[in-house]
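So this block is data.cif, mmCIF, C-alpha atoms and all ligand atoms:
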```
data_coords
loop_
_atom_site.label_atom_id
_atom_site.label_comp_id
_atom_site.auth_asym_id
_atom_site.auth_seq_id
_atom_site.Cartn_x
_atom_site.Cartn_y
_atom_site.Cartn_z
CA MET A 1 85.54 112.65 85.27
CA GLN A 2 84.80 113.53 88.90
CA ASN A 3 87.30 115.46 91.03
CA PHE A 4 89.63 113.31 93.10
CA GLU A 5 92.72 113.15 95.28
CA PHE A 6 94.97 110.18 94.79
CA TYR A 7 97.59 109.28 97.35
CA ASN A 8 99.24 105.90 97.74
CA PRO A 9 102.57 105.72 99.53
CA THR A 10 102.98 101.91 99.55
CA GLN A 11 106.24 100.67 98.07
CA ILE A 12 105.82 97.39 96.16
CA VAL A 13 108.65 94.88 95.92
CA PHE A 14 107.53 92.23 93.45
CA GLY A 15 108.99 88.89 92.38
CA ALA A 16 110.24 85.45 93.33
CA GLY A 17 112.68 85.45 96.23
CA LYS A 18 111.89 89.01 97.29
CA VAL A 19 111.19 88.21 100.97
CA GLU A 20 114.88 88.76 101.65
CA ALA A 21 114.37 92.44 100.78
CA LEU A 22 112.85 92.77 104.26
CA SER A 23 116.42 93.05 105.55
CA SER A 24 116.56 96.55 104.09
CA LEU A 25 112.84 97.45 104.03
CA VAL A 26 112.34 97.17 107.81
CA PRO A 27 114.18 99.91 109.74
CA PRO A 28 117.33 98.39 111.29
CA ALA A 29 116.57 99.45 114.86
CA ALA A 30 112.87 98.54 114.73
CA ARG A 31 111.21 96.57 117.53
CA VAL A 32 109.11 94.36 115.30
CA LEU A 33 105.92 92.42 115.92
CA MET A 34 105.36 89.84 113.17
CA LEU A 35 101.68 88.95 112.81
CA TYR A 36 100.40 85.89 110.99
CA GLY A 37 97.37 83.61 110.67
CA GLY A 38 96.92 79.92 111.36
CA ALA A 39 99.34 77.18 110.39
CA SER A 40 99.95 78.02 106.73
CA ALA A 41 102.77 80.56 106.99
CA GLU A 42 104.83 78.33 109.28
CA LYS A 43 104.17 75.20 107.22
CA THR A 44 105.10 76.82 103.93
CA GLY A 45 108.40 78.07 105.30
CA THR A 46 107.51 81.74 104.79
CA LEU A 47 107.87 82.59 108.48
CA ALA A 48 111.33 81.05 108.54
CA GLU A 49 112.34 83.16 105.54
CA VAL A 50 110.98 86.29 107.19
CA ARG A 51 112.79 85.57 110.47
CA ALA A 52 116.05 85.07 108.56
CA ALA A 53 115.60 88.34 106.65
CA LEU A 54 114.91 90.29 109.86
CA GLY A 55 118.28 89.12 111.26
CA SER A 56 119.20 90.43 114.69
CA ARG A 57 116.30 92.89 115.09
CA GLN A 58 114.03 92.50 118.14
CA VAL A 59 111.21 90.37 116.72
CA ASP A 60 108.15 89.22 118.66
CA GLU A 61 105.46 87.10 117.07
CA PHE A 62 101.68 86.99 117.20
CA GLY A 63 99.98 84.10 115.41
CA GLY A 64 96.39 82.93 115.25
CA ILE A 65 94.72 85.76 113.35
CA GLU A 66 91.74 84.00 111.86
CA ALA A 67 90.13 84.35 108.42
CA ASN A 68 87.75 87.32 108.87
CA PRO A 69 89.92 88.66 111.70
CA THR A 70 88.22 89.31 114.99
CA TYR A 71 88.41 92.23 117.36
CA GLU A 72 88.63 89.75 120.23
CA THR A 73 91.88 88.19 118.89
CA LEU A 74 93.39 91.45 117.70
CA MET A 75 93.02 93.14 121.09
CA LYS A 76 95.43 90.48 122.42
CA ALA A 77 97.96 91.64 119.82
CA VAL A 78 97.40 95.25 120.92
CA ALA A 79 98.27 94.21 124.49
CA LEU A 80 101.45 92.51 123.23
CA VAL A 81 102.46 95.66 121.33
CA GLN A 82 102.11 97.67 124.52
CA LEU A 83 104.03 95.09 126.57
CA LYS A 84 106.92 94.76 124.11
CA LYS A 85 107.00 98.46 123.16
CA THR A 86 106.71 97.40 119.52
CA ASP A 87 107.31 100.19 117.04
CA PHE A 88 106.91 98.33 113.73
CA LEU A 89 104.36 95.74 112.60
CA LEU A 90 104.93 93.15 109.90
CA ALA A 91 101.95 91.24 108.51
CA VAL A 92 102.68 87.88 106.89
CA GLY A 93 99.56 86.44 105.27
CA GLY A 94 96.44 87.19 103.26
CA GLY A 95 93.87 89.94 103.58
CA SER A 96 92.78 88.85 107.03
CA VAL A 97 96.25 89.14 108.56
CA ILE A 98 96.92 92.44 106.79
CA ASP A 99 93.54 93.88 107.81
CA GLY A 100 94.10 92.68 111.37
CA THR A 101 97.51 94.34 111.39
CA LYS A 102 95.96 97.63 110.26
CA PHE A 103 93.56 97.45 113.18
CA VAL A 104 96.39 96.72 115.63
CA ALA A 105 98.42 99.60 114.14
CA ALA A 106 95.55 102.01 114.76
CA ALA A 107 94.27 100.59 118.05
CA ALA A 108 97.73 100.60 119.67
CA CYS A 109 97.84 104.40 119.30
CA PHE A 110 94.15 105.08 119.97
CA GLU A 111 92.86 106.94 123.03
CA GLY A 112 89.56 105.44 124.19
CA ASP A 113 87.68 102.29 123.25
CA PRO A 114 89.19 100.90 120.01
CA TRP A 115 85.82 99.54 118.86
CA GLU A 116 84.97 103.20 118.24
CA ILE A 117 87.40 103.01 115.30
CA LEU A 118 84.98 100.62 113.60
CA LEU A 119 81.88 102.54 114.63
CA GLN A 120 83.34 105.71 113.08
CA HIS A 121 84.72 103.77 110.07
CA GLY A 122 88.23 105.07 110.85
CA SER A 123 87.50 108.81 110.71
CA ASN A 124 88.72 109.09 114.32
CA VAL A 125 92.14 107.54 113.62
CA THR A 126 94.81 110.23 113.94
CA GLN A 127 97.95 108.08 114.08
CA ALA A 128 99.07 104.47 113.65
CA LEU A 129 102.17 102.35 114.00
CA PRO A 130 104.08 101.92 110.74
CA PHE A 131 103.76 98.49 109.16
CA GLY A 132 104.75 96.43 106.14
CA THR A 133 103.32 93.26 104.63
CA VAL A 134 104.38 89.99 103.02
CA LEU A 135 101.42 88.86 100.93
CA THR A 136 100.62 85.14 100.68
CA LEU A 137 97.13 85.30 99.12
CA PRO A 138 96.27 87.61 96.23
CA ALA A 139 92.66 88.79 96.60
CA THR A 140 91.82 91.79 98.72
CA GLY A 141 94.28 94.48 97.66
CA SER A 142 94.79 95.19 101.36
CA GLU A 143 98.55 95.10 100.67
CA MET A 144 98.30 98.43 98.86
CA ASN A 145 95.29 100.18 100.35
CA ASN A 146 94.28 101.86 103.58
CA GLY A 147 91.15 99.85 104.38
CA ALA A 148 90.35 96.86 106.57
CA VAL A 149 87.34 94.85 107.68
CA ILE A 150 87.07 93.59 111.27
CA THR A 151 84.60 91.20 112.85
CA ARG A 152 83.34 91.41 116.43
CA ARG A 153 82.27 87.89 117.14
CA GLU A 154 80.18 88.57 120.24
CA ILE A 155 77.78 90.83 118.34
CA GLY A 156 78.02 89.23 114.89
CA ALA A 157 79.23 92.48 113.30
CA LYS A 158 81.70 92.79 110.43
CA LEU A 159 82.56 96.43 109.79
CA PRO A 160 84.95 98.24 107.43
CA PHE A 161 87.22 101.15 108.28
CA ARG A 162 89.88 103.15 106.52
CA SER A 163 92.34 105.90 107.30
CA GLN A 164 95.07 107.83 105.54
CA TYR A 165 97.42 106.54 108.30
CA LEU A 166 96.87 102.92 107.33
CA PHE A 167 98.64 102.43 104.04
CA PRO A 168 101.36 99.79 104.34
CA LEU A 169 104.84 101.31 104.12
CA PHE A 170 105.83 98.47 101.80
CA SER A 171 104.47 95.16 100.57
CA VAL A 172 106.48 92.21 99.37
CA LEU A 173 104.62 90.41 96.57
CA ASP A 174 106.26 87.09 95.77
CA PRO A 175 104.00 85.09 93.42
CA THR A 176 105.64 81.81 94.44
CA LYS A 177 104.09 82.30 97.88
CA THR A 178 100.74 81.44 96.28
CA TYR A 179 101.91 77.96 95.26
CA THR A 180 100.67 76.39 98.50
CA LEU A 181 97.16 77.90 98.27
CA PRO A 182 94.26 75.46 98.08
CA LEU A 183 92.36 75.87 94.79
CA ALA A 184 89.34 77.20 96.67
CA GLN A 185 91.38 80.12 98.03
CA LEU A 186 92.83 80.80 94.60
CA ALA A 187 89.29 80.92 93.20
CA ASN A 188 88.26 83.24 96.04
CA GLY A 189 91.11 85.56 95.10
CA VAL A 190 90.07 85.74 91.45
CA VAL A 191 86.43 86.44 92.31
CA ASP A 192 87.21 89.00 95.02
CA ALA A 193 89.49 90.97 92.68
CA PHE A 194 86.88 90.69 89.91
CA VAL A 195 84.14 92.11 92.13
CA HIS A 196 86.39 94.90 93.43
CA THR A 197 86.90 95.96 89.83
CA VAL A 198 83.20 95.70 89.00
CA GLU A 199 82.17 97.78 92.01
CA GLN A 200 84.31 100.69 90.78
CA TYR A 201 83.45 100.28 87.09
CA LEU A 202 79.86 99.12 86.70
CA THR A 203 78.08 102.28 87.85
CA TYR A 204 77.32 105.08 85.36
CA PRO A 205 79.50 106.81 82.76
CA VAL A 206 81.43 109.93 83.79
CA ASN A 207 83.67 110.10 80.72
CA ALA A 208 86.66 108.48 82.44
CA PRO A 209 88.09 106.29 79.66
CA VAL A 210 91.41 105.66 81.43
CA GLN A 211 89.70 104.16 84.48
CA ASP A 212 87.21 102.25 82.28
CA ARG A 213 89.83 100.69 80.02
CA PHE A 214 92.05 99.88 82.98
CA ALA A 215 89.16 98.18 84.78
CA GLU A 216 88.24 96.26 81.63
CA SER A 217 91.82 95.04 81.28
CA LEU A 218 91.79 93.77 84.87
CA LEU A 219 88.48 91.96 84.28
CA GLN A 220 89.72 90.42 81.03
CA THR A 221 92.95 89.33 82.71
CA LEU A 222 91.03 87.62 85.52
CA ILE A 223 88.64 85.94 83.06
CA ASP A 224 91.62 84.75 81.07
CA ILE A 225 93.81 83.39 83.87
CA GLY A 226 91.14 82.31 86.38
CA PRO A 227 90.10 78.98 84.83
CA ARG A 228 93.73 78.30 83.84
CA LEU A 229 94.85 78.68 87.46
CA LEU A 230 92.38 75.98 88.49
CA ALA A 231 93.20 73.60 85.65
CA ALA A 232 97.00 73.79 85.80
CA PRO A 233 98.53 70.56 87.17
CA GLU A 234 101.45 72.61 88.56
CA PRO A 235 101.53 76.33 89.44
CA VAL A 236 102.55 78.52 86.49
CA TYR A 237 104.64 81.48 87.65
CA ASP A 238 103.33 84.01 85.14
CA ASP A 239 99.70 83.22 85.88
CA ARG A 240 100.31 83.55 89.63
CA ALA A 241 102.21 86.79 89.07
CA ASN A 242 99.46 88.23 86.88
CA LEU A 243 96.80 87.29 89.42
CA MET A 244 98.80 88.92 92.19
CA TRP A 245 99.31 92.16 90.31
CA ALA A 246 95.72 92.25 89.05
CA ALA A 247 94.35 91.80 92.58
CA THR A 248 96.62 94.54 93.92
CA MET A 249 95.72 96.97 91.13
CA ALA A 250 92.01 96.19 91.52
CA LEU A 251 91.86 97.85 94.93
CA ASN A 252 94.74 100.26 95.42
CA GLY A 253 92.62 103.28 94.60
CA LEU A 254 93.76 103.79 91.02
CA ILE A 255 90.76 102.52 89.03
CA GLY A 256 88.37 104.05 91.58
CA ALA A 257 89.83 107.57 91.38
CA GLY A 258 87.47 110.06 89.78
CA VAL A 259 84.63 107.61 89.17
CA PRO A 260 81.47 106.70 91.12
CA GLN A 261 81.72 103.56 93.25
CA ASP A 262 79.09 101.06 94.30
CA TRP A 263 80.23 98.69 97.16
CA ALA A 264 76.68 97.48 97.93
CA THR A 265 77.66 93.92 97.04
CA HIS A 266 80.45 94.07 99.62
CA MET A 267 78.30 95.55 102.37
CA ILE A 268 75.55 92.94 101.90
CA GLY A 269 78.24 90.25 101.61
CA HIS A 270 79.82 91.27 104.93
CA GLU A 271 76.54 90.49 106.71
CA LEU A 272 76.48 87.04 105.10
CA THR A 273 79.98 86.32 106.36
CA ALA A 274 79.29 87.69 109.84
CA LEU A 275 76.11 85.65 110.31
CA HIS A 276 76.73 82.56 108.19
CA HIS A 277 80.53 82.32 107.96
CA ILE A 278 80.59 82.12 104.18
CA ASP A 279 84.00 83.04 102.68
CA HIS A 280 84.14 86.71 101.69
CA ALA A 281 84.50 86.11 97.93
CA ARG A 282 81.66 83.59 97.93
CA THR A 283 79.28 86.12 99.45
CA LEU A 284 80.13 88.47 96.58
CA ALA A 285 79.41 85.77 93.99
CA ILE A 286 75.99 85.28 95.58
CA VAL A 287 75.06 88.96 95.73
CA LEU A 288 76.56 90.52 92.58
CA PRO A 289 74.52 88.80 89.81
CA ALA A 290 71.27 89.49 91.68
CA LEU A 291 72.31 93.09 92.34
CA LEU A 292 73.23 93.74 88.70
CA ASN A 293 69.83 92.46 87.63
CA GLU A 294 68.03 94.57 90.25
CA CYS A 295 69.99 97.69 89.18
CA ARG A 296 69.88 97.04 85.44
CA ASP A 297 68.21 100.38 84.67
CA ALA A 298 70.49 102.53 86.82
CA LYS A 299 73.55 100.70 85.46
CA ARG A 300 72.22 100.32 81.89
CA ALA A 301 74.91 102.20 79.97
CA LYS A 302 77.80 100.57 81.84
CA LEU A 303 76.22 97.11 81.70
CA LEU A 304 76.03 97.41 77.92
CA GLN A 305 79.65 98.61 77.78
CA TYR A 306 80.73 95.78 80.09
CA GLY A 307 78.88 93.20 77.99
CA GLU A 308 80.41 94.41 74.77
CA ARG A 309 83.99 95.15 75.83
CA VAL A 310 84.54 92.44 78.43
CA TRP A 311 82.37 89.60 77.09
CA GLY A 312 82.05 90.51 73.39
CA ILE A 313 78.25 90.67 73.54
CA THR A 314 76.91 92.71 70.61
CA ALA A 315 73.79 90.89 69.41
CA GLY A 316 70.23 91.35 70.64
CA SER A 317 68.17 94.10 72.24
CA GLU A 318 69.62 96.15 75.08
CA ASP A 319 67.82 94.08 77.67
CA GLU A 320 68.95 90.83 76.06
CA ARG A 321 72.55 92.02 76.03
CA ILE A 322 72.35 93.06 79.68
CA SER A 323 70.88 89.69 80.64
CA ALA A 324 73.63 87.94 78.69
CA ALA A 325 76.31 90.00 80.48
CA ILE A 326 74.86 89.09 83.89
CA ASP A 327 74.61 85.41 82.87
CA LYS A 328 78.25 85.44 81.74
CA THR A 329 79.27 86.90 85.10
CA ARG A 330 77.40 84.24 87.05
CA ASP A 331 78.77 81.53 84.77
CA PHE A 332 82.33 82.78 85.33
CA PHE A 333 81.95 82.51 89.11
CA GLU A 334 80.45 79.03 88.76
CA ARG A 335 83.32 77.99 86.45
CA MET A 336 85.66 79.13 89.22
CA GLY A 337 83.94 76.56 91.42
CA ILE A 338 82.04 79.20 93.39
CA ALA A 339 78.30 78.72 93.87
CA THR A 340 76.17 81.82 93.25
CA ARG A 341 72.96 80.92 95.08
CA LEU A 342 72.20 81.12 98.79
CA SER A 343 70.56 77.70 98.58
CA ALA A 344 73.91 76.16 97.59
CA TYR A 345 75.19 77.23 101.02
CA GLY A 346 72.20 75.69 102.78
CA LEU A 347 70.45 79.05 103.32
CA GLY A 348 66.78 79.77 102.61
CA ALA A 349 64.38 82.69 102.74
CA ASP A 350 64.18 82.46 106.55
CA VAL A 351 67.63 84.09 106.95
CA ILE A 352 66.76 87.26 105.06
CA ASP A 353 64.95 89.15 107.85
CA THR A 354 67.99 88.98 110.13
CA LEU A 355 70.37 89.97 107.33
CA ILE A 356 68.26 93.04 106.61
CA ALA A 357 68.04 93.90 110.32
CA GLN A 358 71.84 93.75 110.55
CA LEU A 359 72.27 95.99 107.50
CA GLU A 360 69.96 98.49 109.20
CA ALA A 361 71.77 98.19 112.52
CA HIS A 362 75.06 98.96 110.74
CA GLY A 363 73.70 101.99 108.92
CA MET A 364 73.86 100.25 105.53
CA THR A 365 70.55 101.70 104.39
CA GLN A 366 71.57 103.87 101.41
CA LEU A 367 73.96 101.68 99.46
CA GLY A 368 75.14 101.80 95.87
CA GLU A 369 76.48 104.61 93.69
CA HIS A 370 73.17 106.49 93.97
CA GLY A 371 72.52 105.67 97.63
CA ASP A 372 69.20 104.16 96.57
CA ILE A 373 69.78 100.56 97.64
CA THR A 374 67.56 100.76 100.70
CA PRO A 375 66.85 97.79 102.97
CA ALA A 376 63.79 97.03 100.79
CA VAL A 377 66.02 96.83 97.70
CA SER A 378 68.64 94.74 99.54
CA ARG A 379 65.80 92.39 100.47
CA ARG A 380 64.81 91.99 96.81
CA ILE A 381 68.44 91.31 95.91
CA LEU A 382 68.74 88.60 98.58
CA GLU A 383 65.41 87.08 97.54
CA ALA A 384 66.62 86.94 93.95
CA ALA A 385 69.81 85.24 95.14
CA LEU A 386 68.02 82.33 96.85
O1 LIG A 401 95.27 81.13 108.59
P1 LIG A 401 96.20 80.44 107.69
O2 LIG A 401 96.61 79.10 108.16
O3 LIG A 401 97.34 81.30 107.28
O4 LIG A 401 95.38 80.09 106.34
C1 LIG A 401 94.90 81.09 105.46
C2 LIG A 401 93.38 81.28 105.63
O5 LIG A 401 92.79 80.19 106.23
C3 LIG A 401 95.05 80.59 104.06
N1 LIG A 401 96.29 81.01 103.39
C4 LIG A 401 96.75 82.27 103.21
N2 LIG A 401 97.87 82.24 102.49
C5 LIG A 401 98.14 80.94 102.23
C6 LIG A 401 97.13 80.16 102.80
N3 LIG A 401 97.13 78.81 102.70
C7 LIG A 401 98.13 78.23 102.02
N4 LIG A 401 99.13 78.93 101.43
C8 LIG A 401 99.17 80.28 101.50
N5 LIG A 401 100.12 80.97 100.85
O6 LIG A 401 93.97 81.15 103.34
C9 LIG A 401 92.85 81.32 104.23
C10 LIG A 401 92.14 82.62 103.92
O7 LIG A 401 92.98 83.72 104.20
P2 LIG A 401 92.38 85.19 104.32
O8 LIG A 401 93.49 86.10 104.63
O9 LIG A 401 91.20 85.18 105.21
O10 LIG A 401 91.83 85.45 102.83
P3 LIG A 401 91.70 86.77 102.01
O11 LIG A 401 93.01 87.27 101.57
O12 LIG A 401 90.69 86.46 100.99
O13 LIG A 401 91.12 87.86 103.04
C11 LIG A 401 89.76 87.93 103.37
C12 LIG A 401 89.51 89.06 104.35
O14 LIG A 401 89.83 90.34 103.74
C13 LIG A 401 88.70 91.22 103.85
C14 LIG A 401 87.55 90.26 103.85
O15 LIG A 401 86.37 90.86 104.33
C15 LIG A 401 88.05 89.14 104.72
O16 LIG A 401 87.90 89.46 106.09
N6 LIG A 401 88.73 92.23 102.81
C16 LIG A 401 89.61 93.25 102.92
C17 LIG A 401 89.66 94.29 102.02
C18 LIG A 401 90.60 95.40 102.13
N7 LIG A 401 91.39 95.48 103.19
O17 LIG A 401 90.68 96.28 101.27
C19 LIG A 401 88.77 94.35 100.86
C20 LIG A 401 88.08 93.07 100.60
O18 LIG A 401 86.90 93.38 99.92
C21 LIG A 401 87.73 92.26 101.78
O19 LIG A 401 86.52 92.74 102.36
ZN ZN A 402 86.34 92.02 98.61
#
```

Output the structure of this file as structure tokens.
Amino acid sequence: MQNFEFYNPTQIVFGAGKVEALSSLVPPAARVLMLYGGASAEKTGTLAEVRAALGSRQVDEFGGIEANPTYETLMKAVALVQLKKTDFLLAVGGGSVIDGTKFVAAAACFEGDPWEILLQHGSNVTQALPFGTVLTLPATGSEMNNGAVITRREIGAKLPFRSQYLFPLFSVLDPTKTYTLPLAQLANGVVDAFVHTVEQYLTYPVNAPVQDRFAESLLQTLIDIGPRLLAAPEPVYDDRANLMWAATMALNGLIGAGVPQDWATHMIGHELTALHHIDHARTLAIVLPALLNECRDAKRAKLLQYGERVWGITAGSEDERISAAIDKTRDFFERMGIATRLSAYGLGADVIDTLIAQLEAHGMTQLGEHGDITPAVSRRILEAAL
């Protein structure tokens, strides 16, 4: 196992009806800014519950954080924080609202141009406002990690950043909050969590059986409950709860501690979202099968382990087993109703040059666990994903 430091200060409060715990989780004298997305949180009654739990605290509100949150919108929230002298942020929503809140938390305390936070991937963040979250969409793990991804619309850039100052203080995980999700968002959540797990597991062996078995259990859980979530005529609490916990555990740092990590699928996927507005999880479903095939030699040992332990593939030559494991992965995404080819999103070979140019512009030229996914390799991956 590789050396690592593991630190995660986020308190999790999990279960039906737990939004009311905000009354004690948020400091009593806090001047709160509640941040949320479009119409969903109001329509589902979650905002009303949050307002009730916050009681007589000073609470201002900032709505309209879009899916794939933008710098342009978030800077308006930063101005509101300064105007209202906010000292505590509360995100109510999915990954986009939570990521946006992390940016606001850092930007409100930042000296200089806040876009620099993205350009330096967060290494220049030295303080941030404290914040908590109420999660309404299990997918990103943002509720228990210190990362975020922000889009700057005017330049078509979608960049990640992270900082030790950006762990949520607490996150309320109420699985019943997922009951109003459209099936497509539920499917996105399953696939995003699946790919997060894969990107920390499917690299090369470093004799880390705890991380491996934990990752395999997350993958098996998602394979098990994913199709059931789509087929159920009514939401089933346990399936929603298991999805929520699996998605949180997939990206809170635990399975990635002490093991090599890939993340090339995510970085290529971010360019697809920035330029072509494809949902985050869908970009991953397009890129991952092609990437696994491209990297089948470098990932050989783990691909065989993945095939055997996650999909029960034991027959055939090594290459046949690896192909079967990649096919099973693609088939799982398709069974979740998520297309895995660029052509299914109306995109052809003509978009690849610009995608590669953007990867280069963003410094994404040495991706993957070996740093050997160069722009030429990314191009082959995208061509194979057509
Ligand atoms: O805007 P509203 O009206 O609230 O609708 C949202 C949004 O349109 C809706 N929604 C959320 N909860 C709902 C609901 N609708 C009905 N009922 C509910 N309970 O769902 C739509 C999508 O929400 P969004 O937050 O965008 O989805 P997700 O959680 O998948 O987040 C995606 C963003 O997270 C980033 C992605 O890049 C993307 O920008 N990621 C963040 C990561 C992190 N911080 O660690 C890692 C991930 O890899 C990912 O990159
Ligand atoms: Zn993701």

Show me which residues sit within 8 Å of ligand LIG 401 (chain A) when counting only C-alpha atoms and all ligand atoms, and put them as a PyMOL selection string.
chain A and resi 36-41+44+64-69+93-99+135-143+145-151+158+160+177-182+185+188-189+192+196+251+266+270+279-281

Please measure the separation of CA of Val81 (chain A) and CA of Glu20 (chain A), giving the value in Å to one decimal.
24.3 Å

Contacts of Leu166 (chain A) within 7 Å, only C-alpha atoms, excl. fewer than 3 positions in-chain, as a PyMOL selection string
chain A and resi 102+128+146+163

Between CA of Val13 (chain A) and CA of Glu49 (chain A), what distance in Å does the model show, to one decimal?
15.6 Å

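CA of Ser323 (chain A) to CA of Tyr306 (chain A) spans 11.6 Å [interatomic distance, one decimal].
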
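Closest approach to Leu74 (chain A) from the set A:Phe88, A:Tyr237, A:Phe167, A:Phe103 is made by A:Phe103, with distances taken over all atoms listed in the file.
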
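Using all atoms listed in the file, the shortest contact distance between ligand ZN 402 (chain A) and any of A:Arg162, A:Arg152, A:Lys18, A:Arg282 is found at A:Arg282.
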
Would you mind listing what lies within 6 Å of Leu218 (chain A) as a PyMOL selection string, with all atoms listed in the file counted and same-chain residues fewer than 3 positions away left out?
chain A and resi 215+221+246

Give the answer as one residue: which of A:Ala53, A:Leu22, A:Asn207, A:Leu90 has the shortest atom-to-atom distance to Gln2 (chain A), using all atoms listed in the file?
A:Asn207

Counting all atoms listed in the file, the option among A:Leu186, A:Ala30, A:Ala264, A:Val259 closest to Asn3 (chain A)
A:Val259

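With only C-alpha atoms and all ligand atoms as the basis for measurement, A:Thr283 is the residue among A:Thr283, A:Gln127, A:Gln358, A:Ser23 that approaches ligand ZN 402 (chain A) most closely.
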
Residues within 10 Å of (79.0, 96.9, 78.6), file coords, only C-alpha atoms, listed as a ChimeraX atom specification:
/A:202,216,299-314,321-322,325

At a cut-off of 12 Å around the point (107.8, 91.8, 124.0) (file coordinates), what residues fall inside when counting only C-alpha atoms? I'd like the answer as number ranges by chain.
A: 31-34, 58-62, 77-87

Given only C-alpha atoms and all ligand atoms as the basis, pick out the residue of A:Trp263, A:Arg153, A:Phe161, A:Arg57 nearest to ligand ZN 402 (chain A).
A:Trp263

Around region 126-131 of chain A, with edges along x, y and z and 6 Å added on all six sides, what centre and edge lengths do you get, in Å to one decimal, as JSON?
```
{"center_x": 99.4, "center_y": 104.4, "center_z": 111.6, "size_x": 21.3, "size_y": 23.7, "size_z": 16.9}
```

Contact residues around Ile338 (chain A) with all atoms listed in the file at 9 Å, ignoring same-chain residues under 4 positions, as a PyMOL selection string
chain A and resi 184+187-188+191+281-282+285-286+332-334

Restrict the output to region 201-213 of chain A and N, CA, C and O atoms, then write it as a CSV table (one decimal), in the first residue's frame.
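Written file, part.csv:
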```csv
chain,number,residue,atom,x,y,z
A,201,TYR,N,-10.0,2.4,-8.2
A,201,TYR,CA,-9.8,0.9,-8.0
A,201,TYR,C,-9.1,0.3,-9.2
A,201,TYR,O,-8.2,-0.5,-9.1
A,202,LEU,N,-9.5,0.7,-10.4
A,202,LEU,CA,-9.1,0.0,-11.6
A,202,LEU,C,-7.8,0.7,-12.1
A,202,LEU,O,-7.8,1.3,-13.2
A,203,THR,N,-6.7,0.5,-11.4
A,203,THR,CA,-5.4,1.1,-11.8
A,203,THR,C,-4.4,-0.1,-11.9
A,203,THR,O,-4.4,-0.8,-12.8
A,204,TYR,N,-3.6,-0.2,-10.8
A,204,TYR,CA,-2.7,-1.4,-10.8
A,204,TYR,C,-2.5,-1.8,-9.3
A,204,TYR,O,-2.8,-1.0,-8.4
A,205,PRO,N,-2.2,-3.1,-9.1
A,205,PRO,CA,-2.3,-3.6,-7.7
A,205,PRO,C,-1.1,-3.0,-6.8
A,205,PRO,O,0.0,-2.8,-7.3
A,206,VAL,N,-1.5,-2.6,-5.6
A,206,VAL,CA,-0.4,-2.1,-4.7
A,206,VAL,C,-0.6,-2.9,-3.3
A,206,VAL,O,-0.2,-2.4,-2.3
A,207,ASN,N,-1.2,-4.1,-3.4
A,207,ASN,CA,-1.4,-4.9,-2.2
A,207,ASN,C,-2.2,-4.1,-1.2
A,207,ASN,O,-1.7,-3.9,0.0
A,208,ALA,N,-3.4,-3.6,-1.5
A,208,ALA,CA,-4.3,-2.9,-0.6
A,208,ALA,C,-5.6,-3.5,-0.6
A,208,ALA,O,-6.6,-3.0,-1.2
A,209,PRO,N,-5.7,-4.7,0.0
A,209,PRO,CA,-6.9,-5.5,-0.1
A,209,PRO,C,-8.1,-4.9,0.6
A,209,PRO,O,-9.3,-5.1,0.2
A,210,VAL,N,-7.9,-4.0,1.6
A,210,VAL,CA,-9.0,-3.4,2.3
A,210,VAL,C,-9.7,-2.4,1.3
A,210,VAL,O,-10.9,-2.5,1.1
A,211,GLN,N,-8.9,-1.6,0.6
A,211,GLN,CA,-9.5,-0.6,-0.4
A,211,GLN,C,-10.1,-1.4,-1.5
A,211,GLN,O,-11.2,-1.0,-2.0
A,212,ASP,N,-9.4,-2.5,-2.0
A,212,ASP,CA,-10.0,-3.2,-3.1
A,212,ASP,C,-11.3,-3.8,-2.8
A,212,ASP,O,-12.3,-3.7,-3.5
A,213,ARG,N,-11.4,-4.5,-1.7
A,213,ARG,CA,-12.7,-5.2,-1.3
A,213,ARG,C,-13.8,-4.2,-1.0
A,213,ARG,O,-14.9,-4.4,-1.3
```
